[in-house]
Structure formats: structure tokens, C-alpha cells
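Asker: I have a structure here, written as C-alpha cells, and I will follow up with some questions on it.
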Amino acid sequence: MGYPRVVSTFDDLIAANERVEPRDEMPDAYRATLVRQIAQHAHSEIIGMQPEGNWLTRAPSLRRKAILLAKVQDEAGHGLYLYAAAETLGVSRDELLDALHAGKQKYSSIFNYPTLTWADIGAIGWLVDGAAIVNQVPLCRCSYGPYARAMVRVCKEESFHQRQGFELLHTLSHGTEAQHAMAQDAVDRWWWPSLMMFGPPDDASTHTGQSMAWGIKRFSNDTLRQRFVDMTVPQAEALGLTLPDPELRWNEERSSWDFGEIDFTELFEVVKGNGPCNAQRLAHRVRAHEEGAWVREAASAYAEKRAAREVA
Amino acid sequence: MGDLWEVFVRPKRGLAHVHVGSIHATDAAMALRNARDVYTRRQEGVSLWVVPSAEITASSPDEQDSFFDPAADKAYRHPTFYEVPDGLHI
Ligand SMILES: [Fe+2]
Ligand SMILES: [Fe+2]
């Protein structure tokens, strides 16, 4: 060959910060890591519909109900974008759902907490979607093309989620005394679990090093957590609500907020399945899947009948 | 459930359809509806194409060198290959 050959191996692509696409050769471990992460992410979007769906019929106004419906529908969409991204890696959506239903794949532990009051809907939008945005924005530059592209779509939609939550809490916080107390109580319950959404601290995080080398992850758990705290503190002030951490204080040297120690034993308990709603969430998902079986069967039967008629 | 379909959206008139992802459906009509619900909840498109994934023939990444190389040594296909006198707009 008289001219330069441009064969891009996996290592070349990663070194050049280029995207890996579905049909490229890639190490088995890279593929497996992505399947695990994207599936867990997709499952989180789908299970994440439950705590909020819980309040759909009890929204205090038609405006709030329409907003919440749109948000929950978005989360279903996010799950579908992500299952589609996972399927480019050679797994099927059915097998991922089976793994979720059998408890073999996980979803974010944040969805194992209950939504006790209407203010929880605000706290979830503001804090949980807020934390999700901080986690997800760097994933838009993830080395695996289909995952990165799915995250671009997701991130565009998340900012509506966070802002509607903020607005909801702001309204409550500036309402009656009882409404303000309800908003404060929700923030008190959701603050620490939201911080745990970034995962274990860096020195205890098993996958971080390899994921960063592969360009799947761009920042460490603690870096993203700090970014979230720094973003959120001034927002809490604007809401007129207090974050439940007496150790929260501005650190001039670091130009960042110091915060108290996170009780990770709680996170690990929830991950192990001992959170307040683990069993309920999974049972509900399995029931929805089973009760929807007739729709899937009917659609398949209809398609087969039509196809047969076309042949005849 | 159903087969996999690739979804293409024309974001607005004058632009080409762009691949946005895939969906599951048992037939073309359902594929279009699902694609609308999943990929155009905010008026992201004015037209949708759905194509059964199995119907797409793709070039192989393994032969990226041999397949696309014929273009690599044909610099004369580009205008910058040609020398023109300074100061002329050509
Ligand atoms: Fe989402
Ligand atoms: Fe969201």
C-alpha cells in the first residue's frame, strides 16, 4: 500500500478522544461495563416514574398535574433512549428487563425512598433531577457514541424537570406556614439521599479508575458531588429553605462549600435491598410488566395476521 | 416486544432526516407512533422515517481502510490541490 492506512483500533480511538461506535471492535470488559451502566441507568429512569407517578392523581392543580405528567412521561422516554443505546451493544431490551425483574441488575437507590407529601415532588425535581444533571452532563462526552447521544437528549429535557421542582418548592416555601414547613421537611429528607446519588467516595469506588481510562466517566464521584453542593447551596437560599447539614460552610481557600460526613452505611443498606421501598418498587414494576402482557401479545398477533393477509 | 426499527427525524423543512435512535414495534404504523412519542415530544421534527433495523446494510468498520482508501490518494478532487496566481479570486 503506497498511501497511509487509517485503521483506528479501540486504543487509538480512546487516546484521540474519538467516539467508539457500535460495530467497532472493543474489549469485552468495555462492552460489559457499558451494558451494566446503561442498563442500570435505563432501569433508574423507568423505576423513577413510580415515586412521582404516586402523586399524579393528587396534584393540587391542573397546571401542576399537566407538568408532572409531562415529566413522568419524559422519564419513560429517557428509559427508552437508554435501552435503545444498550441494544446497540448486542443485548436485547427484553433480557435487560428480565434482569431488572429478577433483581440481577440494579437501579438508582434514590428511588427506594417514599414520596410522603406533595412537597416531595418539588424536592425530587430540584434535588434528584438536579443531581442527575450534574452526573449526566459529562456523560454527553462519554466515549461510546450511542450512550453519549442519548445523554444529550436526556440532558436537554432534565433542565425542565429541575426548574419545575424548584418553582414548586418556591411556591410552597413562600406560601402558608404549613406549606413552608412541608417544603422544609421534604428537603430535610431528600438532601442526604441526593448526595449519595453520586456513589461511594472516591477511595471506595471500585470502577472509577477503569471507567475514567476508557472515557466512560469524566469526573470522580466526589468531584461531581462537590459540584452539586456548590450549585445547590445558593439555590436553597433563594428558596428560603435550609439544607439539613450544620457543618455546611463556605471554604474560602477551596472556593467551595464544606459539608458534613455522609452516612454511607445507609446507602449500602438501600443498595442491598433494605431501603424503605425496594420491594414495593420492584413488585410494582413486575406487576405492570405482567399486566401489560396482553397488549404485547395482541400487537404481535395483529401484526402477524396483517402480514399473512398481505402475502395472500 | 416486536422488531427493532431505526428512527430518523427531519428537524425542520430544508434539513435532511437524521438518525436519532431506535424503538420497538410490531409493524410500521406502530413504529411511527412510538417514534413520535419517544423522539418528538417537543416538536423536534416535522417528518419521521422508520426503517426496520434488519433492512440496513452497513459498511464494515473492519474494512474502513480498504473501503474508504480509494479517496485518500485523490487529493486532486479537492480545490486546494490546484495552484492559482496570488491575488486572484478563483
Ligand atoms: Fe430522566
Ligand atoms: Fe428527570
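Going by the C-alpha cells order, chains are called A, B, ..., each with residues numbered from 1, while ligands are numbered from 1 in the order shown.
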I need the chain B residues near chain A as a list in words; criterion: at most 6 Å, counting only C-alpha atoms.

Answerer: Ser22, Thr26, Asp27, Val38, Pro61 and Asp65 of chain B

Asker: List the spatial neighbours of stretch 257-260 of chain A as a short mmCIF file (atom, residue, chain, number, x, y, z; two decimals) with all heavy atoms, in the first residue's frame - criterion: any atom at most 12 Å away, only C-alpha atoms, same-chain residues fewer than 5 positions off excluded.

Answerer:
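Just written: part_11.cif:
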data_model
loop_
_atom_site.label_atom_id
_atom_site.label_comp_id
_atom_site.auth_asym_id
_atom_site.auth_seq_id
_atom_site.Cartn_x
_atom_site.Cartn_y
_atom_site.Cartn_z
N TRP A 191 -32.22 15.63 51.00
CA TRP A 191 -30.88 16.18 50.81
C TRP A 191 -29.78 15.11 50.84
O TRP A 191 -29.02 14.94 49.89
CB TRP A 191 -30.60 17.27 51.85
CG TRP A 191 -29.18 17.74 51.83
CD1 TRP A 191 -28.24 17.58 52.80
CD2 TRP A 191 -28.53 18.46 50.77
NE1 TRP A 191 -27.05 18.14 52.42
CE2 TRP A 191 -27.18 18.69 51.17
CE3 TRP A 191 -28.92 18.92 49.50
CZ2 TRP A 191 -26.25 19.36 50.38
CZ3 TRP A 191 -28.00 19.59 48.71
CH2 TRP A 191 -26.68 19.80 49.14
N TRP A 192 -29.74 14.33 51.93
CA TRP A 192 -28.65 13.35 52.06
C TRP A 192 -28.74 12.24 51.01
O TRP A 192 -27.73 11.89 50.39
CB TRP A 192 -28.58 12.80 53.49
CG TRP A 192 -28.12 13.86 54.46
CD1 TRP A 192 -28.89 14.53 55.36
CD2 TRP A 192 -26.79 14.39 54.60
NE1 TRP A 192 -28.13 15.46 56.04
CE2 TRP A 192 -26.84 15.38 55.60
CE3 TRP A 192 -25.57 14.13 53.96
CZ2 TRP A 192 -25.72 16.11 56.00
CZ3 TRP A 192 -24.45 14.86 54.36
CH2 TRP A 192 -24.52 15.83 55.36
N LEU A 195 -27.20 13.46 47.85
CA LEU A 195 -25.73 13.46 47.85
C LEU A 195 -25.19 12.05 47.60
O LEU A 195 -24.13 11.87 47.00
CB LEU A 195 -25.19 13.99 49.18
CG LEU A 195 -25.41 15.48 49.46
CD1 LEU A 195 -24.61 15.90 50.69
CD2 LEU A 195 -24.98 16.33 48.27
N ASP A 222 -16.63 12.15 43.94
CA ASP A 222 -16.52 13.26 44.89
C ASP A 222 -16.47 14.61 44.19
O ASP A 222 -16.99 15.60 44.70
CB ASP A 222 -15.28 13.07 45.78
CG ASP A 222 -15.49 11.95 46.80
OD1 ASP A 222 -16.66 11.71 47.19
OD2 ASP A 222 -14.50 11.31 47.21
N ARG A 225 -20.00 15.38 43.25
CA ARG A 225 -20.79 15.67 44.45
C ARG A 225 -20.53 17.11 44.91
O ARG A 225 -21.45 17.85 45.22
CB ARG A 225 -20.44 14.66 45.54
CG ARG A 225 -21.35 14.75 46.74
CD ARG A 225 -21.27 13.54 47.68
NE ARG A 225 -20.15 12.66 47.48
CZ ARG A 225 -20.26 11.37 47.17
NH1 ARG A 225 -21.44 10.81 47.05
NH2 ARG A 225 -19.19 10.62 47.00
N GLN A 226 -19.25 17.49 44.92
CA GLN A 226 -18.90 18.84 45.35
C GLN A 226 -19.52 19.88 44.41
O GLN A 226 -20.04 20.91 44.84
CB GLN A 226 -17.37 18.99 45.36
CG GLN A 226 -16.90 20.36 45.83
CD GLN A 226 -17.14 20.58 47.33
OE1 GLN A 226 -16.65 19.82 48.15
NE2 GLN A 226 -17.91 21.60 47.67
N ARG A 227 -19.49 19.57 43.13
CA ARG A 227 -20.07 20.49 42.14
C ARG A 227 -21.56 20.69 42.43
O ARG A 227 -22.09 21.80 42.38
CB ARG A 227 -19.89 19.87 40.74
CG ARG A 227 -20.24 20.79 39.61
CD ARG A 227 -19.91 20.17 38.26
NE ARG A 227 -18.49 19.98 38.04
CZ ARG A 227 -17.96 19.36 36.98
NH1 ARG A 227 -18.75 18.84 36.06
NH2 ARG A 227 -16.66 19.25 36.85
N PHE A 228 -22.23 19.60 42.79
CA PHE A 228 -23.66 19.67 43.09
C PHE A 228 -23.92 20.51 44.34
O PHE A 228 -24.81 21.37 44.36
CB PHE A 228 -24.21 18.24 43.27
CG PHE A 228 -25.64 18.18 43.73
CD1 PHE A 228 -26.68 18.60 42.90
CD2 PHE A 228 -25.97 17.71 44.99
CE1 PHE A 228 -28.00 18.55 43.31
CE2 PHE A 228 -27.28 17.65 45.42
CZ PHE A 228 -28.30 18.08 44.58
N VAL A 229 -23.12 20.28 45.38
CA VAL A 229 -23.29 21.05 46.61
C VAL A 229 -23.10 22.54 46.33
O VAL A 229 -23.91 23.38 46.73
CB VAL A 229 -22.30 20.57 47.71
CG1 VAL A 229 -22.35 21.50 48.93
CG2 VAL A 229 -22.62 19.13 48.12
N ASP A 230 -22.04 22.86 45.60
CA ASP A 230 -21.75 24.27 45.32
C ASP A 230 -22.86 24.94 44.52
O ASP A 230 -23.16 26.12 44.71
CB ASP A 230 -20.41 24.40 44.57
CG ASP A 230 -19.23 24.04 45.47
OD1 ASP A 230 -19.43 23.98 46.71
OD2 ASP A 230 -18.12 23.81 44.95
N MET A 231 -23.48 24.19 43.62
CA MET A 231 -24.59 24.71 42.83
C MET A 231 -25.83 24.92 43.68
O MET A 231 -26.61 25.85 43.48
CB MET A 231 -24.98 23.68 41.76
CG MET A 231 -24.31 23.85 40.42
SD MET A 231 -24.79 22.45 39.37
CE MET A 231 -26.56 22.37 39.67
N THR A 232 -26.04 23.97 44.62
CA THR A 232 -27.32 23.89 45.30
C THR A 232 -27.46 24.85 46.47
O THR A 232 -28.55 25.35 46.74
CB THR A 232 -27.57 22.44 45.76
OG1 THR A 232 -27.35 21.57 44.65
CG2 THR A 232 -28.99 22.24 46.23
N VAL A 233 -26.35 25.12 47.17
CA VAL A 233 -26.44 25.96 48.36
C VAL A 233 -27.09 27.33 48.07
O VAL A 233 -28.05 27.71 48.76
CB VAL A 233 -25.05 26.11 49.04
CG1 VAL A 233 -25.11 27.14 50.15
CG2 VAL A 233 -24.59 24.76 49.57
N PRO A 234 -26.62 28.05 47.06
CA PRO A 234 -27.29 29.34 46.79
C PRO A 234 -28.74 29.19 46.35
O PRO A 234 -29.57 30.06 46.62
CB PRO A 234 -26.44 29.97 45.67
CG PRO A 234 -25.52 28.91 45.18
CD PRO A 234 -25.44 27.84 46.22
N LEU A 243 -30.65 23.66 54.18
CA LEU A 243 -30.16 22.30 53.92
C LEU A 243 -29.77 21.69 55.27
O LEU A 243 -29.13 22.36 56.09
CB LEU A 243 -28.97 22.34 52.97
CG LEU A 243 -29.33 22.88 51.57
CD1 LEU A 243 -28.09 23.08 50.72
CD2 LEU A 243 -30.31 21.94 50.87
N PRO A 244 -30.18 20.45 55.53
CA PRO A 244 -30.05 19.87 56.87
C PRO A 244 -28.63 19.41 57.17
O PRO A 244 -28.39 18.22 57.38
CB PRO A 244 -31.03 18.69 56.82
CG PRO A 244 -31.00 18.26 55.38
CD PRO A 244 -30.81 19.51 54.58
N ASP A 245 -27.69 20.33 57.18
CA ASP A 245 -26.31 19.97 57.46
C ASP A 245 -25.65 21.11 58.23
O ASP A 245 -25.31 22.14 57.66
CB ASP A 245 -25.57 19.72 56.14
CG ASP A 245 -24.10 19.36 56.36
OD1 ASP A 245 -23.65 19.35 57.54
OD2 ASP A 245 -23.41 19.09 55.36
N PRO A 246 -25.49 20.93 59.54
CA PRO A 246 -24.92 22.01 60.37
C PRO A 246 -23.47 22.30 60.01
O PRO A 246 -22.94 23.36 60.36
CB PRO A 246 -25.05 21.46 61.81
CG PRO A 246 -25.21 19.98 61.66
CD PRO A 246 -25.85 19.74 60.31
N GLU A 247 -22.82 21.38 59.31
CA GLU A 247 -21.40 21.59 59.00
C GLU A 247 -21.18 22.29 57.67
O GLU A 247 -20.05 22.47 57.22
CB GLU A 247 -20.67 20.23 59.00
CG GLU A 247 -20.50 19.68 60.40
CD GLU A 247 -19.96 18.26 60.37
OE1 GLU A 247 -18.86 18.07 59.80
OE2 GLU A 247 -20.63 17.36 60.90
N LEU A 248 -22.26 22.65 57.02
CA LEU A 248 -22.16 23.30 55.72
C LEU A 248 -21.59 24.70 55.91
O LEU A 248 -22.20 25.54 56.55
CB LEU A 248 -23.58 23.37 55.13
CG LEU A 248 -23.74 23.51 53.63
CD1 LEU A 248 -23.08 22.35 52.90
CD2 LEU A 248 -25.22 23.55 53.29
N ARG A 249 -20.38 24.94 55.38
CA ARG A 249 -19.86 26.31 55.43
C ARG A 249 -18.90 26.58 54.28
O ARG A 249 -18.26 25.69 53.76
CB ARG A 249 -19.26 26.65 56.79
CG ARG A 249 -18.07 25.83 57.25
CD ARG A 249 -17.63 26.29 58.65
NE ARG A 249 -18.69 26.20 59.64
CZ ARG A 249 -18.93 25.10 60.38
NH1 ARG A 249 -18.19 24.04 60.23
NH2 ARG A 249 -19.91 25.09 61.27
N TRP A 250 -18.87 27.86 53.91
CA TRP A 250 -18.05 28.29 52.76
C TRP A 250 -16.57 28.17 53.12
O TRP A 250 -16.13 28.60 54.18
CB TRP A 250 -18.40 29.72 52.40
CG TRP A 250 -17.59 30.26 51.25
CD1 TRP A 250 -16.65 31.24 51.31
CD2 TRP A 250 -17.66 29.83 49.88
NE1 TRP A 250 -16.12 31.45 50.06
CE2 TRP A 250 -16.71 30.60 49.16
CE3 TRP A 250 -18.40 28.86 49.21
CZ2 TRP A 250 -16.50 30.43 47.79
CZ3 TRP A 250 -18.20 28.70 47.84
CH2 TRP A 250 -17.26 29.48 47.15
N ASN A 251 -15.81 27.56 52.24
CA ASN A 251 -14.38 27.43 52.45
C ASN A 251 -13.67 28.35 51.46
O ASN A 251 -13.62 28.09 50.26
CB ASN A 251 -13.98 25.95 52.22
CG ASN A 251 -12.52 25.72 52.48
OD1 ASN A 251 -11.68 26.56 52.16
ND2 ASN A 251 -12.22 24.57 53.06
N GLU A 252 -13.17 29.44 52.00
CA GLU A 252 -12.56 30.48 51.17
C GLU A 252 -11.40 29.90 50.35
O GLU A 252 -11.27 30.16 49.15
CB GLU A 252 -12.05 31.60 52.10
CG GLU A 252 -11.78 32.92 51.41
CD GLU A 252 -13.07 33.59 50.89
OE1 GLU A 252 -14.00 33.87 51.68
OE2 GLU A 252 -13.12 33.81 49.66
#

Asker: Could you list, as a ChimeraX atom specification, all residues that come within 8 Å of ligand 2? Count only C-alpha atoms and all ligand atoms.

Answerer: /A:45,71-72,74-75,125,128-129,132,154,157-159,161-162

Asker: Print the selection's residues with N, CA and C atoms to a file, as a compact mmCIF listing (two decimals), in the first residue's frame.

Answerer:
# COMPACT_ATOMS: atom_id res chain seq x y z
N GLU A 45 -34.45 5.25 35.21
CA GLU A 45 -35.44 6.15 34.62
C GLU A 45 -36.83 5.53 34.73
N LYS A 71 -43.44 15.34 32.92
CA LYS A 71 -42.14 14.95 33.47
C LYS A 71 -42.04 13.43 33.56
N VAL A 72 -43.10 12.80 34.09
CA VAL A 72 -43.06 11.35 34.24
C VAL A 72 -42.96 10.69 32.85
N ASP A 74 -41.52 12.01 30.28
CA ASP A 74 -40.12 12.19 29.86
C ASP A 74 -39.24 11.08 30.42
N GLU A 75 -39.47 10.73 31.69
CA GLU A 75 -38.62 9.71 32.32
C GLU A 75 -38.80 8.37 31.59
N GLY A 125 -37.67 16.98 41.94
CA GLY A 125 -37.29 17.73 40.74
C GLY A 125 -36.05 18.57 40.99
N VAL A 128 -33.12 15.71 43.14
CA VAL A 128 -32.79 14.43 42.48
C VAL A 128 -32.50 14.65 41.00
N ASP A 129 -33.36 15.39 40.32
CA ASP A 129 -33.06 15.70 38.91
C ASP A 129 -31.84 16.62 38.82
N ALA A 132 -28.96 14.43 39.12
CA ALA A 132 -28.86 13.63 37.89
C ALA A 132 -28.23 14.47 36.78
N VAL A 154 -31.35 13.43 26.82
CA VAL A 154 -31.83 13.41 28.20
C VAL A 154 -31.54 14.75 28.89
N GLU A 157 -33.80 17.62 28.33
CA GLU A 157 -35.12 17.55 28.96
C GLU A 157 -35.05 17.72 30.48
N GLU A 158 -33.88 17.38 31.05
CA GLU A 158 -33.77 17.41 32.51
C GLU A 158 -33.90 18.81 33.09
N SER A 159 -33.49 19.84 32.34
CA SER A 159 -33.49 21.16 32.97
C SER A 159 -34.93 21.61 33.25
N HIS A 161 -37.17 19.51 34.22
CA HIS A 161 -37.51 18.75 35.43
C HIS A 161 -37.03 19.48 36.68
N GLN A 162 -35.80 19.98 36.60
CA GLN A 162 -35.26 20.62 37.79
C GLN A 162 -35.99 21.94 38.07

Asker: So that I can check the secondary structure, give me every residue of stretch 152-308 of chain A assigned helix (DSSP H, G or I) by backbone DSSP, as an MDAnalysis selection string.

Answerer: chainID A and resid 152:173 177:196 202:204 208:213 221:239 264:274 278:291 293:308

Asker: Would you mind telling me which residue in B:Asp3, B:Val51, B:Thr80, B:Tyr39 lies nearest to B:Val20 when using only C-alpha atoms?

Answerer: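 Selected residue with least distance to B:Val20: B:Tyr39.
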
Asker: So how many Å separate atom CA of A:Ile133 and atom CA of A:Ser108, to one decimal?

Answerer: 14.0 Å

Asker: Using only C-alpha atoms, which residues sit within 9 Å of A:Pro276 once same-chain residues fewer than 2 positions away are excluded, as a list in words?

Answerer: Asn112, Tyr113, Pro114, Val270, Gly273, Asn274, Asn278, Ala279 and Gln280 of chain A

Asker: Compare B:Trp49, B:Phe68, B:Tyr82, B:Tyr76 by their minimum atom-to-atom distance to B:His17, counting only C-alpha atoms, and give me the closest one.

Answerer: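 Using only C-alpha atoms, B:His17 sits closest to B:Trp49.
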